[in-house]
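The next block is work.txt, given as compact mmCIF, C-alpha atoms and all ligand atoms.
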```
# COMPACT_ATOMS: atom_id res chain seq x y z
CA MET A 1 -13.51 1.70 -7.02
CA ARG A 2 -10.15 3.40 -6.63
CA ILE A 3 -7.41 0.97 -7.44
CA VAL A 4 -3.65 1.11 -7.78
CA LEU A 5 -2.18 -1.55 -10.07
CA MET A 6 1.42 -2.36 -9.32
CA GLY A 7 3.63 -4.68 -11.27
CA ALA A 8 6.86 -4.92 -13.18
CA PRO A 9 6.91 -3.82 -16.81
CA GLY A 10 5.38 -6.73 -18.70
CA SER A 11 3.38 -8.06 -15.76
CA GLY A 12 0.17 -7.44 -17.71
CA LYS A 13 -1.26 -4.71 -15.50
CA GLY A 14 -2.11 -2.55 -18.52
CA THR A 15 -4.09 -5.34 -20.14
CA GLN A 16 -5.90 -6.20 -16.92
CA ALA A 17 -6.58 -2.51 -16.32
CA GLN A 18 -8.49 -2.41 -19.61
CA ARG A 19 -10.70 -5.26 -18.38
CA LEU A 20 -11.38 -3.43 -15.13
CA VAL A 21 -12.32 -0.34 -17.15
CA LYS A 22 -14.94 -2.35 -19.03
CA HIS A 23 -16.32 -3.86 -15.85
CA PHE A 24 -16.44 -0.80 -13.61
CA GLY A 25 -16.80 1.97 -16.21
CA ILE A 26 -14.05 4.03 -14.58
CA PRO A 27 -10.96 5.42 -16.35
CA GLN A 28 -7.58 3.76 -16.56
CA ILE A 29 -4.93 6.32 -15.76
CA SER A 30 -1.64 5.13 -17.18
CA THR A 31 1.22 7.53 -16.53
CA GLY A 32 3.24 5.74 -19.21
CA ASP A 33 0.47 6.46 -21.77
CA ILE A 34 0.24 10.10 -20.66
CA LEU A 35 4.00 10.51 -21.11
CA ARG A 36 3.93 8.77 -24.50
CA LYS A 37 1.19 11.19 -25.59
CA HIS A 38 3.36 14.15 -24.59
CA LEU A 39 6.20 12.54 -26.47
CA ALA A 40 4.11 12.07 -29.62
CA GLU A 41 2.86 15.67 -29.43
CA GLY A 42 6.36 17.00 -28.86
CA THR A 43 5.43 19.00 -25.75
CA PRO A 44 8.24 20.29 -23.48
CA LEU A 45 7.46 17.51 -21.03
CA GLY A 46 7.52 14.95 -23.83
CA LEU A 47 10.91 16.17 -24.99
CA ARG A 48 12.25 16.05 -21.45
CA ALA A 49 10.84 12.57 -20.81
CA LYS A 50 12.04 11.09 -24.11
CA GLU A 51 15.60 10.27 -23.08
CA ILE A 52 14.65 9.16 -19.58
CA MET A 53 12.08 6.74 -20.95
CA ALA A 54 14.40 5.43 -23.64
CA ALA A 55 17.01 4.65 -20.97
CA GLY A 56 14.48 2.91 -18.71
CA GLY A 57 14.69 5.52 -15.92
CA TYR A 58 11.96 7.39 -14.06
CA VAL A 59 10.64 10.87 -14.74
CA ASP A 60 10.97 13.05 -11.61
CA ASP A 61 8.40 12.74 -8.83
CA GLU A 62 7.32 16.37 -8.88
CA THR A 63 6.37 16.18 -12.57
CA MET A 64 4.56 12.87 -12.09
CA LEU A 65 2.60 14.15 -9.09
CA ALA A 66 1.56 17.25 -11.03
CA ILE A 67 0.32 15.01 -13.88
CA ILE A 68 -1.69 12.87 -11.47
CA ARG A 69 -3.14 15.85 -9.59
CA ASP A 70 -4.37 17.29 -12.87
CA ARG A 71 -5.77 13.96 -14.10
CA LEU A 72 -7.54 13.00 -10.87
CA SER A 73 -9.21 16.40 -10.74
CA GLN A 74 -11.05 15.71 -13.99
CA PRO A 75 -14.76 14.83 -13.73
CA ASP A 76 -14.46 11.27 -15.07
CA ALA A 77 -12.19 10.33 -12.15
CA LYS A 78 -14.69 11.40 -9.50
CA GLN A 79 -16.42 8.01 -9.37
CA GLY A 80 -13.22 6.01 -9.33
CA PHE A 81 -10.06 5.21 -11.29
CA ILE A 82 -7.47 2.60 -12.03
CA LEU A 83 -3.94 3.87 -11.59
CA ASP A 84 -1.59 1.98 -13.88
CA GLY A 85 2.11 2.67 -13.41
CA PHE A 86 1.66 5.18 -10.61
CA PRO A 87 2.89 5.49 -7.89
CA ARG A 88 6.34 4.23 -8.80
CA THR A 89 8.39 5.67 -5.93
CA LEU A 90 7.95 6.20 -2.21
CA ALA A 91 7.64 9.97 -2.74
CA GLN A 92 4.90 9.40 -5.33
CA ALA A 93 3.03 7.05 -2.99
CA ASP A 94 3.20 9.57 -0.19
CA GLY A 95 2.16 12.39 -2.51
CA LEU A 96 -0.78 10.33 -3.71
CA THR A 97 -1.93 9.66 -0.14
CA LYS A 98 -1.95 13.40 0.56
CA LEU A 99 -3.71 14.21 -2.70
CA LEU A 100 -6.41 11.59 -2.14
CA ARG A 101 -6.93 12.88 1.40
CA GLU A 102 -7.45 16.35 -0.08
CA LEU A 103 -9.90 14.97 -2.64
CA ARG A 104 -11.60 12.83 0.04
CA SER A 105 -11.30 9.76 -2.14
CA PRO A 106 -9.41 7.00 -0.34
CA LEU A 107 -8.05 3.97 -2.15
CA ASP A 108 -9.92 0.66 -2.10
CA ALA A 109 -7.12 -1.65 -3.16
CA VAL A 110 -3.50 -1.86 -4.20
CA VAL A 111 -3.01 -4.85 -6.48
CA LEU A 112 0.45 -6.28 -6.88
CA PHE A 113 0.94 -8.42 -10.02
CA GLU A 114 3.67 -11.00 -9.62
CA VAL A 115 5.54 -12.63 -12.52
CA ASP A 116 8.92 -14.43 -12.71
CA GLN A 117 11.84 -12.46 -14.10
CA ASP A 118 12.40 -14.85 -17.04
CA GLU A 119 8.76 -14.70 -17.99
CA LEU A 120 8.87 -10.89 -17.84
CA LEU A 121 11.82 -10.82 -20.25
CA ARG A 122 10.02 -13.16 -22.62
CA ARG A 123 6.83 -11.13 -22.51
CA LEU A 124 8.52 -7.77 -23.00
CA SER A 125 10.70 -8.90 -25.88
CA GLY A 126 7.59 -10.29 -27.60
CA ARG A 127 5.35 -7.29 -26.90
CA ARG A 128 3.99 -5.39 -29.89
CA VAL A 129 1.62 -2.42 -29.95
CA CYS A 130 -0.66 -1.34 -32.76
CA GLU A 131 0.26 2.18 -33.79
CA PHE A 132 -3.35 2.99 -34.63
CA CYS A 133 -5.64 1.45 -32.03
CA LYS A 134 -2.96 1.01 -29.32
CA SER A 135 -3.99 -2.63 -28.72
CA VAL A 136 -1.25 -4.64 -27.07
CA PHE A 137 -0.20 -8.03 -28.49
CA ASN A 138 2.52 -10.55 -27.86
CA ILE A 139 4.13 -12.51 -30.64
CA HIS A 140 4.54 -15.51 -28.27
CA THR A 141 1.24 -15.55 -26.39
CA ASN A 142 -1.26 -13.17 -27.96
CA PRO A 143 -0.54 -12.50 -31.64
CA PRO A 144 -2.34 -9.64 -33.45
CA SER A 145 -5.98 -10.61 -33.84
CA VAL A 146 -7.23 -12.30 -37.02
CA PRO A 147 -9.51 -11.14 -38.59
CA PRO A 148 -8.16 -7.76 -37.68
CA GLU A 149 -10.12 -5.24 -35.65
CA CYS A 150 -8.38 -1.90 -35.80
CA VAL A 151 -9.69 1.67 -35.96
CA PRO A 152 -12.63 2.34 -38.35
CA GLY A 153 -11.43 2.33 -41.93
CA ARG A 154 -8.45 0.08 -41.27
CA THR A 155 -8.53 -3.59 -42.02
CA GLU A 156 -5.33 -4.53 -40.28
CA HIS A 157 -3.16 -3.53 -37.34
CA ARG A 158 0.25 -2.04 -37.72
CA VAL A 159 2.23 -3.47 -34.85
CA VAL A 160 5.52 -2.03 -33.65
CA GLN A 161 7.91 -2.70 -30.80
CA ARG A 162 8.06 0.02 -28.18
CA ALA A 163 11.42 1.81 -28.09
CA ASP A 164 11.84 0.84 -24.44
CA ASP A 165 11.08 -2.86 -25.05
CA THR A 166 14.55 -3.67 -26.35
CA GLU A 167 16.43 -6.21 -24.22
CA GLU A 168 18.96 -3.77 -22.76
CA THR A 169 16.31 -1.24 -21.74
CA VAL A 170 14.02 -3.96 -20.45
CA ARG A 171 16.74 -5.23 -18.06
CA GLU A 172 17.29 -1.70 -16.77
CA ARG A 173 13.53 -1.14 -16.33
CA LEU A 174 13.23 -4.35 -14.34
CA ARG A 175 16.18 -3.38 -12.14
CA VAL A 176 14.76 0.09 -11.49
CA TYR A 177 11.32 -1.35 -10.79
CA GLU A 178 12.73 -3.75 -8.18
CA GLU A 179 14.82 -1.08 -6.47
CA LYS A 180 12.56 1.98 -6.58
CA THR A 181 9.09 0.53 -6.84
CA ARG A 182 8.43 -3.03 -5.72
CA LYS A 183 10.25 -3.01 -2.40
CA PRO A 184 9.62 0.55 -1.18
CA VAL A 185 6.13 1.14 -2.56
CA SER A 186 4.65 -2.25 -1.64
CA GLY A 187 6.30 -1.81 1.78
CA TYR A 188 4.63 1.59 2.09
CA TYR A 189 1.20 0.13 1.35
CA SER A 190 1.68 -3.02 3.43
CA TYR A 191 0.69 -1.03 6.51
CA THR A 192 -2.64 0.03 5.01
CA GLY A 193 -4.11 -3.46 4.69
CA LEU A 194 -5.01 -2.67 1.06
CA VAL A 195 -2.46 -4.84 -0.73
CA ARG A 196 -3.71 -7.83 -2.75
CA THR A 197 -1.16 -10.00 -4.50
CA VAL A 198 -2.16 -11.62 -7.78
CA ASP A 199 -0.22 -14.41 -9.46
CA ALA A 200 -0.08 -12.86 -12.93
CA GLN A 201 1.35 -15.90 -14.75
CA GLY A 202 -0.77 -18.13 -16.97
CA GLU A 203 -3.66 -17.40 -19.29
CA LEU A 204 -4.97 -13.84 -19.48
CA ASP A 205 -8.49 -14.92 -18.51
CA GLU A 206 -7.22 -16.86 -15.52
CA VAL A 207 -5.33 -13.82 -14.29
CA THR A 208 -8.44 -11.68 -14.79
CA GLN A 209 -10.44 -14.17 -12.74
CA ARG A 210 -7.86 -14.06 -9.93
CA LEU A 211 -7.91 -10.28 -10.05
CA PHE A 212 -11.69 -10.09 -9.73
CA ASP A 213 -11.70 -12.75 -7.02
CA THR A 214 -9.20 -10.87 -4.94
CA LEU A 215 -11.05 -7.57 -5.37
CA ALA A 216 -14.29 -9.24 -4.38
CA ALA A 217 -12.77 -11.17 -1.48
CA ASN A 218 -13.50 -8.50 1.09
CA GLY A 219 -16.65 -7.07 -0.33
CA GLY A 220 -18.92 -10.04 -1.15
CA LYS A 221 -20.57 -9.92 -4.59
CA LYS A 222 -19.49 -6.42 -5.50
CA PRO A 223 -15.76 -5.84 -5.35
CA VAL A 224 -15.98 -2.75 -3.22
CA ALA A 225 -13.68 -2.68 -0.25
CA ALA A 226 -13.86 -0.19 2.59
CA PRO A 227 -11.24 2.55 2.67
CA ALA A 228 -8.07 1.73 4.58
CA VAL A 229 -8.73 3.96 7.55
CA LYS A 230 -12.25 2.66 8.08
CA LYS A 231 -11.15 -0.95 7.63
CA ARG A 232 -8.37 -0.71 10.14
CA ASN A 233 -10.63 0.91 12.72
CA ALA A 234 -13.70 -1.20 12.02
CA GLY A 235 -15.30 -2.37 15.23
CA ARG A 236 -13.13 -0.16 17.39
CA PRO A 237 -14.51 2.77 19.30
CA LYS A 238 -14.25 6.23 17.77
CA PRO A 239 -10.91 7.94 18.45
CA ALA A 240 -12.42 10.42 20.93
CA LYS A 241 -14.03 7.67 23.02
CA ARG A 242 -10.92 5.53 22.85
CA ALA A 243 -8.75 8.37 24.01
CA ALA A 244 -11.10 8.98 26.90
CA ARG A 245 -10.97 5.31 27.85
CA VAL A 246 -7.20 5.23 27.71
CA ARG A 247 -7.02 8.33 29.87
CA LYS A 248 -9.38 6.73 32.34
CA ARG A 249 -7.58 3.40 32.37
CA LYS A 250 -4.05 4.62 33.02
CA PRO A 251 -4.63 6.18 36.42
CA VAL A 252 -6.63 3.09 37.45
CA ARG A 253 -3.64 0.85 36.66
CA LYS A 254 -1.29 3.14 38.56
CA ALA A 255 -3.70 3.39 41.47
CA LYS A 256 -3.92 -0.41 41.61
CA SER A 257 -0.21 -0.90 42.03
CA LYS A 258 -0.03 1.93 44.50
CA SER A 259 -2.97 0.75 46.54
CA LYS A 260 -1.68 -2.81 46.62
CA ALA A 261 2.03 -2.34 47.09
CA LYS A 262 2.87 1.05 48.54
CA PRO A 263 0.05 1.50 51.04
CA ALA A 264 0.64 -2.04 52.34
CA ARG A 265 4.28 -1.29 52.96
CA ALA A 266 3.43 2.09 54.45
CA ALA A 267 0.85 0.56 56.75
CA LYS A 268 3.34 -2.06 57.99
CA LYS A 269 5.95 0.61 58.61
CA LYS A 270 3.46 2.74 60.47
CA LYS A 271 2.38 -0.19 62.63
CA ALA A 272 6.00 -1.00 63.45
CA GLN A 273 6.66 2.61 64.35
CA VAL A 274 3.61 2.69 66.54
CA ARG A 275 4.75 -0.54 68.18
CA ARG A 276 8.27 0.78 68.76
CA LYS A 277 7.03 4.11 70.00
CA SER A 278 4.46 2.61 72.22
CA ALA A 279 6.91 0.02 73.55
CA GLY A 280 8.56 2.68 75.71
CA ARG A 281 5.31 3.86 77.14
CA ARG A 282 3.61 0.56 77.25
CA PRO A 283 2.46 -0.95 80.48
CA LEU A 284 5.04 -3.38 81.81
CA ARG A 285 2.96 -6.39 80.98
CA GLN A 286 3.37 -5.73 77.21
CA ALA A 287 6.99 -4.55 77.21
CA ALA A 288 8.01 -7.62 79.17
CA ARG A 289 6.91 -9.92 76.40
CA ARG A 290 9.94 -9.31 74.20
CA PRO A 291 12.72 -10.14 76.62
CA ALA A 292 10.73 -13.22 77.53
CA ARG A 293 10.70 -14.33 73.85
CA ARG A 294 14.41 -13.65 73.49
CA LYS A 295 15.14 -15.71 76.55
CA SER A 296 13.18 -18.64 75.20
CA SER A 297 15.03 -18.51 71.82
CA LYS A 298 18.37 -18.58 73.64
CA ARG A 299 17.32 -21.60 75.45
CA ARG A 300 16.63 -23.38 72.20
P1 LIG A 401 5.01 2.22 -18.57
O1 LIG A 401 4.26 2.31 -19.84
O2 LIG A 401 4.13 2.32 -17.35
O3 LIG A 401 5.94 1.05 -18.52
O4 LIG A 401 5.94 3.53 -18.50
C1 LIG A 401 6.90 3.80 -19.49
C2 LIG A 401 7.97 4.73 -18.95
O5 LIG A 401 7.39 5.98 -18.58
C3 LIG A 401 8.68 4.26 -17.71
O6 LIG A 401 9.73 3.37 -17.99
C4 LIG A 401 9.17 5.57 -17.13
O7 LIG A 401 10.30 6.04 -17.81
C5 LIG A 401 8.03 6.52 -17.43
N1 LIG A 401 7.03 6.52 -16.32
C6 LIG A 401 5.75 6.05 -16.36
N2 LIG A 401 5.14 6.23 -15.18
C7 LIG A 401 6.04 6.81 -14.38
C8 LIG A 401 6.02 7.24 -13.02
N3 LIG A 401 4.93 7.06 -12.25
N4 LIG A 401 7.13 7.80 -12.51
C9 LIG A 401 8.23 7.99 -13.25
N5 LIG A 401 8.33 7.61 -14.55
C10 LIG A 401 7.25 7.02 -15.11
```
Output the structure of this file as structure tokens.
Amino acid sequence: MRIVLMGAPGSGKGTQAQRLVKHFGIPQISTGDILRKHLAEGTPLGLRAKEIMAAGGYVDDETMLAIIRDRLSQPDAKQGFILDGFPRTLAQADGLTKLLRELRSPLDAVVLFEVDQDELLRRLSGRRVCEFCKSVFNIHTNPPSVPPECVPGRTEHRVVQRADDTEETVRERLRVYEEKTRKPVSGYYSYTGLVRTVDAQGELDEVTQRLFDTLAANGGKKPVAAPAVKKRNAGRPKPAKRAARVRKRKPVRKAKSKSKAKPARAAKKKKAQVRRKSAGRRPLRQAARRPARRKSSKRR
């Protein structure tokens, strides 16, 4: 399965991605996590991304596409992947299409998680992440697990709030998501027939169920959908044959209108000309008919 998960910050796509990972055994590729790793390691990219992320903006498309190209070329992504947080702009979506065409690995689904704005604010302000095992919790809906299960050797989590989960940054992230991601990117994919919308409000397990249902909807038991191009052309003739048929059909249509309209008019005209021409040379018996008709109409 090759899936794109789309959703506002706080829509739960990261959590649901982890469940898909368990089910399908394919990697979750979170561009946010990749950037945070760079940040933690203090790489040049991490240093560059730090301020952008803290302000709730987007890292430039070229950098993000380079990250994705590198990640998708790794062996564990050959059998499938779950993209979480990418693509986030139209340019990224277009770049991804080209990259996947190169890699001959078309997408199976684009899942759009939908959550109310108020609920998003509540979720993000309550979100906490364990510094050690990276588990995500929410002080309102999913408090850190008891008894604790952290990394080996640790008996409890150490939860912190992400720097970009403060209210001011959250509002900016939601605004940027709406403007640069939700409208343009879902619009971009709406033409592919791959988009599945999931109501991401309610219990985590309910959302997971909806997610699996929607992925399975087209593929029966196993949630494997056909690639966009195949799906859109399913049942249609192959392009070469279709083109041939179209070429064949067009002249037939033109010929029909010509053979019905123009030749009929031409034939009438020709007949009239013949009649007029022959009228002069006609034997008297025929030429005399017309004046006779005119006379009778005058009488009337
Ligand atoms: P996330 O964890 O997906 O919410 O991402 C955290 C932050 O990383 C975002 O607010 C952006 O600043 C940056 N980021 C993650 N993915 C992308 C992307 N595809 N394009 C641009 N910036 C990104």
Go through chain A and flag each residue having an atom no more than 9 Å from ligand LIG 401 (chain A); for those, report the closest pair of atoms plus their distance in Å to one decimal, using only C-alpha atoms and all ligand atoms, ordered by chain and rising number, as JSON lines.
```
{"residue": "A:Ala8", "atom": "CA", "partner": "A:LIG401", "partner_atom": "O3", "distance": 8.1}
{"residue": "A:Pro9", "atom": "CA", "partner": "A:LIG401", "partner_atom": "O3", "distance": 5.3}
{"residue": "A:Gly10", "atom": "CA", "partner": "A:LIG401", "partner_atom": "O3", "distance": 7.8}
{"residue": "A:Gly14", "atom": "CA", "partner": "A:LIG401", "partner_atom": "O2", "distance": 8.0}
{"residue": "A:Ser30", "atom": "CA", "partner": "A:LIG401", "partner_atom": "O2", "distance": 6.4}
{"residue": "A:Thr31", "atom": "CA", "partner": "A:LIG401", "partner_atom": "N2", "distance": 4.3}
{"residue": "A:Gly32", "atom": "CA", "partner": "A:LIG401", "partner_atom": "O4", "distance": 3.6}
{"residue": "A:Asp33", "atom": "CA", "partner": "A:LIG401", "partner_atom": "O1", "distance": 5.9}
{"residue": "A:Ile34", "atom": "CA", "partner": "A:LIG401", "partner_atom": "C6", "distance": 8.1}
{"residue": "A:Leu35", "atom": "CA", "partner": "A:LIG401", "partner_atom": "O5", "distance": 6.2}
{"residue": "A:Arg36", "atom": "CA", "partner": "A:LIG401", "partner_atom": "O5", "distance": 7.4}
{"residue": "A:Ala49", "atom": "CA", "partner": "A:LIG401", "partner_atom": "O7", "distance": 7.2}
{"residue": "A:Lys50", "atom": "CA", "partner": "A:LIG401", "partner_atom": "O7", "distance": 8.3}
{"residue": "A:Glu51", "atom": "CA", "partner": "A:LIG401", "partner_atom": "O7", "distance": 8.6}
{"residue": "A:Ile52", "atom": "CA", "partner": "A:LIG401", "partner_atom": "O7", "distance": 5.6}
{"residue": "A:Met53", "atom": "CA", "partner": "A:LIG401", "partner_atom": "O7", "distance": 3.7}
{"residue": "A:Ala54", "atom": "CA", "partner": "A:LIG401", "partner_atom": "O7", "distance": 7.2}
{"residue": "A:Ala55", "atom": "CA", "partner": "A:LIG401", "partner_atom": "O7", "distance": 7.5}
{"residue": "A:Gly56", "atom": "CA", "partner": "A:LIG401", "partner_atom": "O6", "distance": 4.8}
{"residue": "A:Gly57", "atom": "CA", "partner": "A:LIG401", "partner_atom": "O7", "distance": 4.8}
{"residue": "A:Tyr58", "atom": "CA", "partner": "A:LIG401", "partner_atom": "N5", "distance": 3.7}
{"residue": "A:Val59", "atom": "CA", "partner": "A:LIG401", "partner_atom": "N5", "distance": 4.0}
{"residue": "A:Asp60", "atom": "CA", "partner": "A:LIG401", "partner_atom": "C9", "distance": 6.0}
{"residue": "A:Asp61", "atom": "CA", "partner": "A:LIG401", "partner_atom": "N4", "distance": 6.3}
{"residue": "A:Thr63", "atom": "CA", "partner": "A:LIG401", "partner_atom": "N4", "distance": 8.4}
{"residue": "A:Met64", "atom": "CA", "partner": "A:LIG401", "partner_atom": "N4", "distance": 5.7}
{"residue": "A:Leu65", "atom": "CA", "partner": "A:LIG401", "partner_atom": "N3", "distance": 8.1}
{"residue": "A:Ile68", "atom": "CA", "partner": "A:LIG401", "partner_atom": "N3", "distance": 8.8}
{"residue": "A:Asp84", "atom": "CA", "partner": "A:LIG401", "partner_atom": "O2", "distance": 6.7}
{"residue": "A:Gly85", "atom": "CA", "partner": "A:LIG401", "partner_atom": "O2", "distance": 4.4}
{"residue": "A:Phe86", "atom": "CA", "partner": "A:LIG401", "partner_atom": "N3", "distance": 4.1}
{"residue": "A:Pro87", "atom": "CA", "partner": "A:LIG401", "partner_atom": "N3", "distance": 5.1}
{"residue": "A:Arg88", "atom": "CA", "partner": "A:LIG401", "partner_atom": "N3", "distance": 4.7}
{"residue": "A:Thr89", "atom": "CA", "partner": "A:LIG401", "partner_atom": "N4", "distance": 7.0}
{"residue": "A:Gln92", "atom": "CA", "partner": "A:LIG401", "partner_atom": "N3", "distance": 7.3}
{"residue": "A:Asp164", "atom": "CA", "partner": "A:LIG401", "partner_atom": "O6", "distance": 7.2}
{"residue": "A:Thr169", "atom": "CA", "partner": "A:LIG401", "partner_atom": "O6", "distance": 8.9}
{"residue": "A:Val170", "atom": "CA", "partner": "A:LIG401", "partner_atom": "O6", "distance": 8.8}
{"residue": "A:Arg173", "atom": "CA", "partner": "A:LIG401", "partner_atom": "O6", "distance": 6.1}
{"residue": "A:Val176", "atom": "CA", "partner": "A:LIG401", "partner_atom": "O6", "distance": 8.8}
{"residue": "A:Tyr177", "atom": "CA", "partner": "A:LIG401", "partner_atom": "O6", "distance": 8.8}
```
Within 12 Å of Val160 of chain A using all atoms listed in the file, minus same-chain residues under 4 positions, as a list in words: Ser125, Gly126, Arg127, Arg128, Val129, Cys130, Glu131, Phe132, Cys133, Lys134, Ser135, Val136, Phe137, Asn138, Ile139, Pro144, Asp164, Asp165 and Thr166 of chain A
Would you give me, as CSV, each residue of segment 45-80 of chain A having an atom within 12 Å of an atom of segment 96-104 of chain A, along with its shortest atom pair and that distance in Å to one decimal, using all atoms listed in the file and sorting by chain and residue number?
```
residue,atom,partner,partner_atom,distance
A:Asp61,CA,A:Leu96,CA,10.8
A:Glu62,CA,A:Leu96,CA,11.3
A:Met64,CA,A:Leu96,CA,10.3
A:Leu65,CA,A:Leu96,CA,7.4
A:Ala66,CA,A:Leu99,CA,10.3
A:Ile67,CA,A:Leu96,CA,11.2
A:Ile68,CA,A:Leu96,CA,8.2
A:Arg69,CA,A:Leu99,CA,7.1
A:Asp70,CA,A:Leu99,CA,10.6
A:Arg71,CA,A:Leu99,CA,11.6
A:Leu72,CA,A:Leu103,CA,8.8
A:Ser73,CA,A:Leu103,CA,8.3
A:Gln74,CA,A:Leu103,CA,11.4
A:Ala77,CA,A:Leu103,CA,10.8
A:Lys78,CA,A:Leu103,CA,9.1
A:Gln79,CA,A:Arg104,CA,11.6
A:Gly80,CA,A:Leu100,CA,11.4
```
Can those selected residues be exported to a file as a PDB file, in the coordinates of the input so that it contains C-alpha atoms?
```pdb
ATOM      1  CA  ASP A  61       8.400  12.740  -8.830  1.00  0.00           C
ATOM      2  CA  GLU A  62       7.320  16.370  -8.880  1.00  0.00           C
ATOM      3  CA  MET A  64       4.560  12.870 -12.090  1.00  0.00           C
ATOM      4  CA  LEU A  65       2.600  14.150  -9.090  1.00  0.00           C
ATOM      5  CA  ALA A  66       1.560  17.250 -11.030  1.00  0.00           C
ATOM      6  CA  ILE A  67       0.320  15.010 -13.880  1.00  0.00           C
ATOM      7  CA  ILE A  68      -1.690  12.870 -11.470  1.00  0.00           C
ATOM      8  CA  ARG A  69      -3.140  15.850  -9.590  1.00  0.00           C
ATOM      9  CA  ASP A  70      -4.370  17.290 -12.870  1.00  0.00           C
ATOM     10  CA  ARG A  71      -5.770  13.960 -14.100  1.00  0.00           C
ATOM     11  CA  LEU A  72      -7.540  13.000 -10.870  1.00  0.00           C
ATOM     12  CA  SER A  73      -9.210  16.400 -10.740  1.00  0.00           C
ATOM     13  CA  GLN A  74     -11.050  15.710 -13.990  1.00  0.00           C
ATOM     14  CA  ALA A  77     -12.190  10.330 -12.150  1.00  0.00           C
ATOM     15  CA  LYS A  78     -14.690  11.400  -9.500  1.00  0.00           C
ATOM     16  CA  GLN A  79     -16.420   8.010  -9.370  1.00  0.00           C
ATOM     17  CA  GLY A  80     -13.220   6.010  -9.330  1.00  0.00           C
TER      18      GLY A  80
END
```
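Note that the spacing between atom CA of Glu172 of chain A and atom CA of Tyr191 of chain A amounts to 28.6 Å.
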How many Å lie between atom CA of Arg122 of chain A and atom CA of Leu204 of chain A, rounded to one decimal? 15.3 Å
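The spacing separating atom CA of Leu5 of chain A from atom CA of Glu114 of chain A amounts to 11.1 Å.
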Closest of A:Ser105, A:Phe113, A:Gly42, A:His140 to Val207 of chain A - atom-to-atom distances counting all atoms listed in the file: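 Of A:Ser105, A:Phe113, A:Gly42, A:His140, the one nearest Val207 of chain A is A:Phe113, counting all atoms listed in the file.
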Tell me which of A:Arg19, A:His38, A:Lys183, A:Arg210 sits closest to Val198 of chain A, counting all atoms listed in the file.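 Under the stated criterion, the closest residue is A:Arg210.
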Write out as a PyMOL selection string each polymer residue whose atoms come within 8 Å of Arg182 of chain A, counting only C-alpha atoms; drop sequence neighbours fewer than 3 positions from it. chain A and resi 6-8+177-179+185-187
Any chance you could export the current selection's C-alpha atoms as a PDB file, keeping the file's coordinate frame?
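Saved file out-v6.pdb follows:
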```
ATOM      1  CA  MET A   6       1.420  -2.360  -9.320  1.00  0.00           C
ATOM      2  CA  GLY A   7       3.630  -4.680 -11.270  1.00  0.00           C
ATOM      3  CA  ALA A   8       6.860  -4.920 -13.180  1.00  0.00           C
ATOM      4  CA  TYR A 177      11.320  -1.350 -10.790  1.00  0.00           C
ATOM      5  CA  GLU A 178      12.730  -3.750  -8.180  1.00  0.00           C
ATOM      6  CA  GLU A 179      14.820  -1.080  -6.470  1.00  0.00           C
ATOM      7  CA  VAL A 185       6.130   1.140  -2.560  1.00  0.00           C
ATOM      8  CA  SER A 186       4.650  -2.250  -1.640  1.00  0.00           C
ATOM      9  CA  GLY A 187       6.300  -1.810   1.780  1.00  0.00           C
TER      10      GLY A 187
END
```
